[in-house]
$ cat work.tsv   # TSV, C-alpha atoms
chain	number	residue	atom	x	y	z
A	1397	MET	CA	113.81	172.55	146.97
A	1398	ALA	CA	114.98	175.42	144.73
A	1399	PRO	CA	112.66	176.43	141.86
A	1400	LEU	CA	115.26	175.34	139.30
A	1401	GLN	CA	115.69	171.99	141.06
A	1402	LYS	CA	111.92	171.40	140.95
A	1403	ARG	CA	111.88	172.31	137.27
A	1404	ALA	CA	114.74	169.90	136.57
A	1405	TRP	CA	112.83	167.03	138.25
A	1406	TRP	CA	109.70	167.88	136.25
A	1407	GLY	CA	111.78	168.12	133.08
A	1408	LEU	CA	113.33	164.72	133.75
A	1409	ILE	CA	109.98	163.07	134.55
A	1410	THR	CA	108.31	164.58	131.47
A	1411	GLY	CA	111.29	163.68	129.31
A	1412	MET	CA	111.26	160.11	130.57
A	1413	ALA	CA	107.52	159.86	129.86
A	1414	PHE	CA	108.04	161.03	126.26
A	1415	THR	CA	111.01	158.68	125.87
A	1416	ILE	CA	109.00	155.69	127.11
A	1417	ALA	CA	106.15	156.65	124.75
A	1418	PHE	CA	108.70	156.95	121.95
A	1419	ILE	CA	110.13	153.47	122.62
A	1420	LEU	CA	106.63	151.96	123.02
A	1421	VAL	CA	105.54	153.34	119.65
A	1422	PHE	CA	108.61	151.79	118.05
A	1423	PHE	CA	107.88	148.42	119.68
A	1424	LEU	CA	104.16	148.47	118.90
A	1425	MET	CA	104.31	149.79	115.35
A	1426	GLY	CA	107.17	147.74	114.03
A	1427	SER	CA	110.75	147.80	112.89
A	1428	ILE	CA	113.10	150.47	111.58
A	1429	GLU	CA	112.24	149.36	108.02
A	1430	LYS	CA	108.57	150.08	108.67
A	1431	PHE	CA	109.53	153.45	110.12
A	1432	ASP	CA	111.30	154.20	106.84
A	1433	ARG	CA	108.23	153.32	104.75
A	1434	ASP	CA	105.23	154.27	106.90
A	1435	ILE	CA	104.41	157.99	106.95
A	1436	THR	CA	101.93	157.57	109.86
A	1437	PHE	CA	104.62	155.91	111.96
A	1438	ARG	CA	107.04	158.76	111.21
A	1439	MET	CA	104.42	161.40	111.96
A	1440	ILE	CA	103.69	159.88	115.39
A	1441	ILE	CA	107.41	159.84	116.20
A	1442	ASP	CA	107.80	163.43	114.92
A	1443	VAL	CA	104.90	164.61	117.09
A	1444	LEU	CA	106.39	162.86	120.13
A	1445	LEU	CA	109.81	164.36	119.46
A	1446	ILE	CA	108.56	167.91	118.92
A	1447	GLY	CA	106.09	167.58	121.81
A	1448	GLY	CA	108.86	166.42	124.14
A	1449	LEU	CA	111.16	169.25	123.17
A	1450	VAL	CA	108.45	171.90	123.49
A	1451	ALA	CA	107.41	170.48	126.89
A	1452	ASN	CA	111.03	170.60	128.06
A	1453	LEU	CA	111.39	174.17	126.82
A	1454	ALA	CA	108.21	175.18	128.63
A	1455	ILE	CA	109.33	173.53	131.87
A	1456	MET	CA	113.00	174.47	131.91
A	1457	ASN	CA	113.43	177.75	130.05
A	1458	VAL	CA	110.39	179.99	129.95
A	1459	PRO	CA	109.46	180.21	133.68
A	1460	LEU	CA	113.10	180.56	134.73
A	1461	LYS	CA	113.29	183.88	132.92
A	1462	LYS	CA	111.04	185.35	135.62
A	1463	PRO	CA	113.05	187.54	138.01
A	1464	GLY	CA	113.97	185.99	141.35
A	1465	MET	CA	113.64	182.36	140.26
A	1466	VAL	CA	117.32	181.85	139.53
A	1467	ASP	CA	120.19	183.29	141.58
A	1468	GLU	CA	123.99	183.00	141.45
A	1469	ARG	CA	124.04	179.54	143.06
A	1470	ASP	CA	121.54	178.24	140.48
A	1471	LYS	CA	123.60	179.81	137.67
A	1472	ILE	CA	126.73	177.93	138.84
A	1473	ILE	CA	124.74	174.69	138.68
A	1474	ILE	CA	123.30	175.55	135.24
A	1475	ASP	CA	126.83	176.28	133.98
A	1476	ARG	CA	128.06	172.87	135.19
A	1477	ALA	CA	125.15	170.86	133.72
A	1478	PRO	CA	126.59	170.75	130.15
A	1479	ARG	CA	129.41	168.48	131.43
A	1480	VAL	CA	126.82	165.76	132.09
A	1481	GLN	CA	125.11	166.58	128.78
A	1482	TRP	CA	128.37	166.30	126.86
A	1483	LEU	CA	129.23	162.95	128.44
A	1484	ALA	CA	125.75	161.55	127.77
A	1485	VAL	CA	125.80	162.67	124.13
A	1486	VAL	CA	129.29	161.27	123.54
A	1487	PHE	CA	128.37	157.90	125.07
A	1488	THR	CA	125.15	157.78	123.01
A	1489	LEU	CA	127.07	158.47	119.80
A	1490	VAL	CA	129.72	155.87	120.68
A	1491	ALA	CA	126.97	153.31	121.34
A	1492	TRP	CA	125.36	154.09	117.96
A	1493	VAL	CA	128.67	153.95	116.09
A	1494	ILE	CA	129.61	150.57	117.58
A	1495	GLY	CA	126.06	149.17	117.33
A	1496	LEU	CA	125.48	150.19	113.71
A	1497	ASN	CA	128.95	149.17	112.64
A	1498	GLU	CA	128.52	145.71	114.14
A	1499	ALA	CA	124.94	145.27	112.89
A	1500	TYR	CA	125.74	146.22	109.29
A	1501	GLN	CA	129.32	144.96	109.11
A	1502	GLU	CA	128.52	142.35	106.45
A	1503	THR	CA	126.40	144.49	104.16
A	1504	ASP	CA	128.59	147.59	104.41
A	1505	LEU	CA	125.40	149.66	104.00
A	1506	ILE	CA	123.75	151.44	106.89
A	1507	PRO	CA	120.16	152.56	106.02
A	1508	ALA	CA	119.88	156.33	105.75
A	1509	VAL	CA	116.90	156.32	108.14
A	1510	PHE	CA	119.38	155.75	110.95
A	1511	LEU	CA	120.63	159.31	110.49
A	1512	TYR	CA	117.21	160.48	111.61
A	1513	VAL	CA	117.01	157.98	114.49
A	1514	VAL	CA	120.54	158.79	115.74
A	1515	PHE	CA	119.83	162.52	115.62
A	1516	MET	CA	116.52	162.07	117.46
A	1517	SER	CA	118.11	159.92	120.16
A	1518	VAL	CA	120.92	162.43	120.71
A	1519	LEU	CA	118.38	165.24	121.08
A	1520	ILE	CA	116.40	163.23	123.62
A	1521	VAL	CA	119.50	162.18	125.58
A	1522	SER	CA	120.82	165.74	125.57
A	1523	THR	CA	117.53	167.11	126.93
A	1524	LEU	CA	117.30	164.47	129.66
A	1525	ALA	CA	120.97	164.88	130.56
A	1526	GLN	CA	120.53	168.63	131.01
A	1527	CYS	CA	117.87	167.98	133.68
A	1528	LEU	CA	119.98	165.23	135.22
A	1529	GLY	CA	123.03	167.50	135.27
A	1530	ILE	CA	121.11	170.14	137.22
A	1531	ILE	CA	119.80	167.54	139.72
A	1532	ILE	CA	123.32	166.14	140.18
A	1533	GLY	CA	124.62	169.70	140.57
A	1534	TYR	CA	122.29	170.38	143.52
A	1535	TRP	CA	123.09	167.02	145.06
A	1536	ARG	CA	126.85	167.62	144.81
A	1537	MET	CA	126.59	171.17	146.12
A	1538	ASN	CA	124.65	169.99	149.16
A	1539	ARG	CA	126.99	167.06	149.74
A	1540	ASN	CA	130.34	168.84	149.25
A	1541	ALA	CA	129.75	171.50	151.85
B	889	MET	CA	134.85	172.45	156.96
B	890	PRO	CA	134.53	175.68	154.93
B	891	SER	CA	137.20	178.32	155.55
B	892	ILE	CA	134.56	181.04	155.24
B	893	THR	CA	131.93	180.99	157.94
B	894	ASN	CA	129.03	183.32	158.52
B	895	ARG	CA	126.73	184.67	161.23
B	896	ILE	CA	123.61	184.98	159.11
B	897	ARG	CA	121.44	182.89	161.44
B	898	ARG	CA	122.54	184.97	164.45
B	899	LEU	CA	122.03	188.26	162.58
B	900	ARG	CA	118.54	187.20	161.50
B	901	PHE	CA	117.74	186.53	165.15
B	902	ASP	CA	119.14	189.92	166.16
B	903	HIS	CA	117.07	191.69	163.51
B	904	ASN	CA	113.63	190.73	164.84
B	905	GLU	CA	113.90	187.17	163.51
B	906	ILE	CA	113.79	188.27	159.88
B	907	THR	CA	112.73	185.26	157.83
B	908	GLN	CA	114.93	183.48	155.33
B	909	GLU	CA	112.39	184.35	152.67
B	910	GLU	CA	112.53	188.06	153.48
B	911	LEU	CA	116.31	188.10	153.63
B	912	ALA	CA	116.47	186.28	150.30
B	913	GLU	CA	114.08	188.74	148.71
B	914	ARG	CA	115.99	191.76	149.98
B	915	ALA	CA	119.40	190.32	149.05
B	916	GLY	CA	118.20	189.18	145.62
B	917	CYS	CA	118.64	185.44	145.93
B	918	THR	CA	116.46	182.39	146.60
B	919	ARG	CA	115.54	181.08	150.07
B	920	GLN	CA	117.42	177.87	149.26
B	921	THR	CA	120.65	179.86	148.89
B	922	ILE	CA	120.13	181.43	152.33
B	923	ILE	CA	119.52	177.94	153.75
B	924	ALA	CA	122.73	176.68	152.07
B	925	LEU	CA	124.66	179.68	153.43
B	926	GLU	CA	123.41	179.14	156.98
B	927	GLN	CA	124.35	175.47	156.79
B	928	GLY	CA	127.83	176.38	155.52
B	929	LYS	CA	127.20	174.55	152.26
B	930	TYR	CA	127.76	177.51	149.97
B	931	VAL	CA	130.18	180.43	149.86
B	932	PRO	CA	128.55	183.44	148.18
B	933	SER	CA	130.01	185.80	145.62
B	934	ILE	CA	131.43	189.11	146.87
B	935	GLU	CA	128.36	190.86	145.46
B	936	LEU	CA	125.86	188.69	147.32
B	937	ALA	CA	127.95	188.90	150.50
B	938	PHE	CA	127.80	192.72	150.35
B	939	LYS	CA	124.06	192.64	149.67
B	940	ILE	CA	123.45	190.43	152.71
B	941	ALA	CA	125.62	192.67	154.90
B	942	ARG	CA	123.70	195.71	153.61
B	943	VAL	CA	120.35	194.10	154.53
B	944	PHE	CA	121.58	193.80	158.13
B	945	GLY	CA	123.21	197.23	158.02
B	946	VAL	CA	126.59	195.89	159.14
B	947	LYS	CA	130.09	195.56	157.69
B	948	LEU	CA	130.94	192.55	155.56
B	949	GLU	CA	133.33	191.21	158.22
B	950	GLU	CA	130.53	191.12	160.74
B	951	VAL	CA	128.63	188.66	158.55
B	952	PHE	CA	131.42	186.61	156.99
B	953	GLN	CA	134.64	185.49	158.60
B	954	TYR	CA	137.66	183.95	156.91
B	955	GLU	CA	139.28	181.22	158.96
B	956	GLY	CA	142.43	180.52	156.99
$ encode --input "work.tsv" --output "structure tokens"
Amino acid sequence: MAPLQKRAWWGLITGMAFTIAFILVFFLMGSIEKFDRDITFRMIIDVLLIGGLVANLAIMNVPLKKPGMVDERDKIIIDRAPRVQWLAVVFTLVAWVIGLNEAYQETDLIPAVFLYVVFMSVLIVSTLAQCLGIIIGYWRMNRNA
Amino acid sequence: MPSITNRIRRLRFDHNEITQEELAERAGCTRQTIIALEQGKYVPSIELAFKIARVFGVKLEEVFQYEG
């Protein structure tokens, strides 16, 4: 397995772990209304979000700057990964738009806290999709010989 | 089937069974790229093709062949 491919798997596993922790905290600590009011709740989510992003940066970006870890074949795969990222982000945003619109259709007022939640979810999805895009890239390159 | 084939495996054998790792290091790529090249799963850039040919000390055409 190429160094970048290994990193992408680690990035995906770590990202999934943070995402599961993120969802668990939301389930265990309460609703979106509580998230809006409770500073402790928000701090835990903030720490998870920043921790996840820093972990992804450490896994995916920093070591790959070492010479010899990435070659031209890896760079082609890295360049193709944003296609998966773009699709994932667009589908996430579409899901949020439809979901929020339907949920708050009657009140005509979407709580401002959803701006934060939507932004967080897009960041998480984008990070996971980058790793997934790289893994798919290696799989397709090996398959389409 | 790829239209560009190569003789990297044969050339490694002819050059004292140079390892994939050593070839990769000298050509400036990863071992996985050499594996992909030998399996015909990747066509390299002109630059990498020249580097590989230079490692073996042969002309580019002796490593890569176009079968159009």
$ interface_residues --input "work.tsv" --of "chain A" --to "chain B" --cutoff "12 Å" --atoms "all atoms listed in the file" --output "PyMOL selection string"
chain A and resi 1397-1402+1463-1472+1534-1541
$ write_last_selection --input "work.tsv" --atoms "C-alpha atoms" --output "short mmCIF file (atom, residue, chain, number, x, y, z; two decimals), in the coordinates of the input"
data_model
loop_
_atom_site.label_atom_id
_atom_site.label_comp_id
_atom_site.auth_asym_id
_atom_site.auth_seq_id
_atom_site.Cartn_x
_atom_site.Cartn_y
_atom_site.Cartn_z
CA MET A 1397 113.81 172.55 146.97
CA ALA A 1398 114.98 175.42 144.73
CA PRO A 1399 112.66 176.43 141.86
CA LEU A 1400 115.26 175.34 139.30
CA GLN A 1401 115.69 171.99 141.06
CA LYS A 1402 111.92 171.40 140.95
CA PRO A 1463 113.05 187.54 138.01
CA GLY A 1464 113.97 185.99 141.35
CA MET A 1465 113.64 182.36 140.26
CA VAL A 1466 117.32 181.85 139.53
CA ASP A 1467 120.19 183.29 141.58
CA GLU A 1468 123.99 183.00 141.45
CA ARG A 1469 124.04 179.54 143.06
CA ASP A 1470 121.54 178.24 140.48
CA LYS A 1471 123.60 179.81 137.67
CA ILE A 1472 126.73 177.93 138.84
CA TYR A 1534 122.29 170.38 143.52
CA TRP A 1535 123.09 167.02 145.06
CA ARG A 1536 126.85 167.62 144.81
CA MET A 1537 126.59 171.17 146.12
CA ASN A 1538 124.65 169.99 149.16
CA ARG A 1539 126.99 167.06 149.74
CA ASN A 1540 130.34 168.84 149.25
CA ALA A 1541 129.75 171.50 151.85
#
$ atom_distance --input "work.tsv" --atom1 "CA of Gly1411 (chain A)" --atom2 "CA of Ala1508 (chain A)"
26.1 Å
$ atom_distance --input "work.tsv" --atom1 "CA of Phe1515 (chain A)" --atom2 "CA of Leu1489 (chain A)"
9.3 Å
$ closest_residue --input "work.tsv" --among "A:Trp1405, A:Phe1418, A:Tyr1512, A:Phe1431" --to "Asn1452 (chain A)" --atoms "only C-alpha atoms"
A:Trp1405
$ closest_residue --input "work.tsv" --among "B:Leu899, B:Asn904, B:Glu910, B:Ala915" --to "Lys939 (chain B)" --atoms "only C-alpha atoms"
B:Ala915
$ axis_aligned_box --input "work.tsv" --around "region 1426-1440 of chain A" --padding-each-side "3 Å" --output "JSON"
{"center_x": 107.5, "center_y": 154.6, "center_z": 110.1, "size_x": 17.2, "size_y": 19.7, "size_z": 16.6}
$ residues_near_point --input "work.tsv" --point "(128.1, 189.5, 153.8)" --cutoff "6 Å" --atoms "all atoms listed in the file" --output "PDB file with C-alpha atoms, in the coordinates of the input"
ATOM      1  CA  ALA B 937     127.950 188.900 150.500  1.00  0.00           C
ATOM      2  CA  PHE B 938     127.800 192.720 150.350  1.00  0.00           C
ATOM      3  CA  ILE B 940     123.450 190.430 152.710  1.00  0.00           C
ATOM      4  CA  ALA B 941     125.620 192.670 154.900  1.00  0.00           C
ATOM      5  CA  LEU B 948     130.940 192.550 155.560  1.00  0.00           C
ATOM      6  CA  VAL B 951     128.630 188.660 158.550  1.00  0.00           C
ATOM      7  CA  PHE B 952     131.420 186.610 156.990  1.00  0.00           C
TER       8      PHE B 952
END
$ atom_distance --input "work.tsv" --atom1 "CA of Phe1422 (chain A)" --atom2 "CA of Met1516 (chain A)"
13.0 Å
$ closest_residue --input "work.tsv" --among "A:Val1513, A:Ala1477, A:Leu1524, A:Gly1529" --to "Ile1409 (chain A)" --atoms "all atoms listed in the file"
A:Leu1524
$ residues_around --input "work.tsv" --residues "Gln953 (chain B)" --least-positions-apart "2" --cutoff "10 Å" --atoms "all atoms listed in the file" --output "JSON, numbers by chain"
{"B": [891, 892, 893, 894, 895, 948, 949, 950, 951, 955, 956]}
$ closest_residue --input "work.tsv" --among "A:Leu1424, A:Leu1408, A:Ile1473, A:Ile1531" --to "Leu1453 (chain A)" --atoms "all atoms listed in the file"
A:Leu1408
$ closest_residue --input "work.tsv" --among "A:Val1486, A:Met1425, A:Arg1479, A:Gln1501" --to "Leu1528 (chain A)" --atoms "only C-alpha atoms"
A:Arg1479
$ residues_around --input "work.tsv" --residues "Thr1523 (chain A)" --least-positions-apart "2" --cutoff "9 Å" --atoms "all atoms listed in the file" --output "ChimeraX atom specification"
/A:1407-1408,1411,1449,1452,1481,1518-1521,1525-1528
$ decode --input "work.tsv" --residues "chain B" --atoms "C-alpha atoms" --output "short mmCIF file (atom, residue, chain, number, x, y, z; two decimals), in the first residue's frame"
data_model
loop_
_atom_site.label_atom_id
_atom_site.label_comp_id
_atom_site.auth_asym_id
_atom_site.auth_seq_id
_atom_site.Cartn_x
_atom_site.Cartn_y
_atom_site.Cartn_z
CA MET B 889 -4.80 -3.71 -22.49
CA PRO B 890 -2.51 -0.64 -22.27
CA SER B 891 -1.02 0.57 -25.55
CA ILE B 892 2.23 1.37 -23.76
CA THR B 893 4.04 -1.65 -22.39
CA ASN B 894 7.35 -1.87 -20.58
CA ARG B 895 10.25 -4.22 -19.86
CA ILE B 896 11.01 -2.98 -16.37
CA ARG B 897 10.75 -6.42 -14.76
CA ARG B 898 13.10 -7.91 -17.37
CA LEU B 899 15.56 -5.01 -17.06
CA ARG B 900 15.61 -5.35 -13.27
CA PHE B 901 16.49 -9.01 -13.73
CA ASP B 902 19.23 -8.12 -16.21
CA HIS B 903 20.71 -5.56 -13.82
CA ASN B 904 21.59 -7.95 -10.99
CA GLU B 905 17.96 -8.23 -9.85
CA ILE B 906 17.81 -4.63 -8.69
CA THR B 907 14.93 -4.36 -6.23
CA GLN B 908 11.76 -2.40 -6.83
CA GLU B 909 12.62 -0.33 -3.79
CA GLU B 910 16.06 0.58 -5.15
CA LEU B 911 14.72 1.37 -8.60
CA ALA B 912 12.01 3.55 -7.06
CA GLU B 913 14.55 5.40 -4.95
CA ARG B 914 16.86 6.03 -7.89
CA ALA B 915 14.03 7.05 -10.23
CA GLY B 916 12.40 9.28 -7.61
CA CYS B 917 9.07 7.53 -7.18
CA THR B 918 7.46 5.13 -4.72
CA ARG B 919 7.76 1.32 -4.84
CA GLN B 920 4.00 1.12 -5.42
CA THR B 921 4.41 3.06 -8.67
CA ILE B 922 7.07 0.60 -9.86
CA ILE B 923 4.71 -2.27 -8.97
CA ALA B 924 1.87 -0.56 -10.91
CA LEU B 925 4.20 -0.02 -13.88
CA GLU B 926 5.32 -3.65 -13.94
CA GLN B 927 1.72 -4.81 -13.79
CA GLY B 928 0.80 -2.48 -16.66
CA LYS B 929 -1.60 -0.55 -14.44
CA TYR B 930 0.04 2.83 -14.84
CA VAL B 931 1.64 4.74 -17.70
CA PRO B 932 4.33 7.10 -16.38
CA SER B 933 5.02 10.68 -17.34
CA ILE B 934 7.76 11.34 -19.89
CA GLU B 935 9.99 12.58 -17.07
CA LEU B 936 9.64 9.43 -14.97
CA ALA B 937 10.05 7.24 -18.07
CA PHE B 938 13.38 8.95 -18.84
CA LYS B 939 14.50 8.62 -15.22
CA ILE B 940 13.77 4.87 -15.24
CA ALA B 941 15.61 4.44 -18.54
CA ARG B 942 18.57 6.38 -17.12
CA VAL B 943 18.72 4.10 -14.06
CA PHE B 944 19.14 1.12 -16.41
CA GLY B 945 21.47 3.07 -18.69
CA VAL B 946 19.40 2.33 -21.79
CA LYS B 947 17.34 4.30 -24.31
CA LEU B 948 13.71 5.09 -23.53
CA GLU B 949 12.50 2.77 -26.31
CA GLU B 950 14.28 -0.14 -24.71
CA VAL B 951 12.15 0.27 -21.58
CA PHE B 952 8.82 1.43 -22.99
CA GLN B 953 7.15 0.33 -26.18
CA TYR B 954 4.13 1.88 -27.88
CA GLU B 955 1.81 -0.68 -29.39
CA GLY B 956 -0.61 1.51 -31.32
#
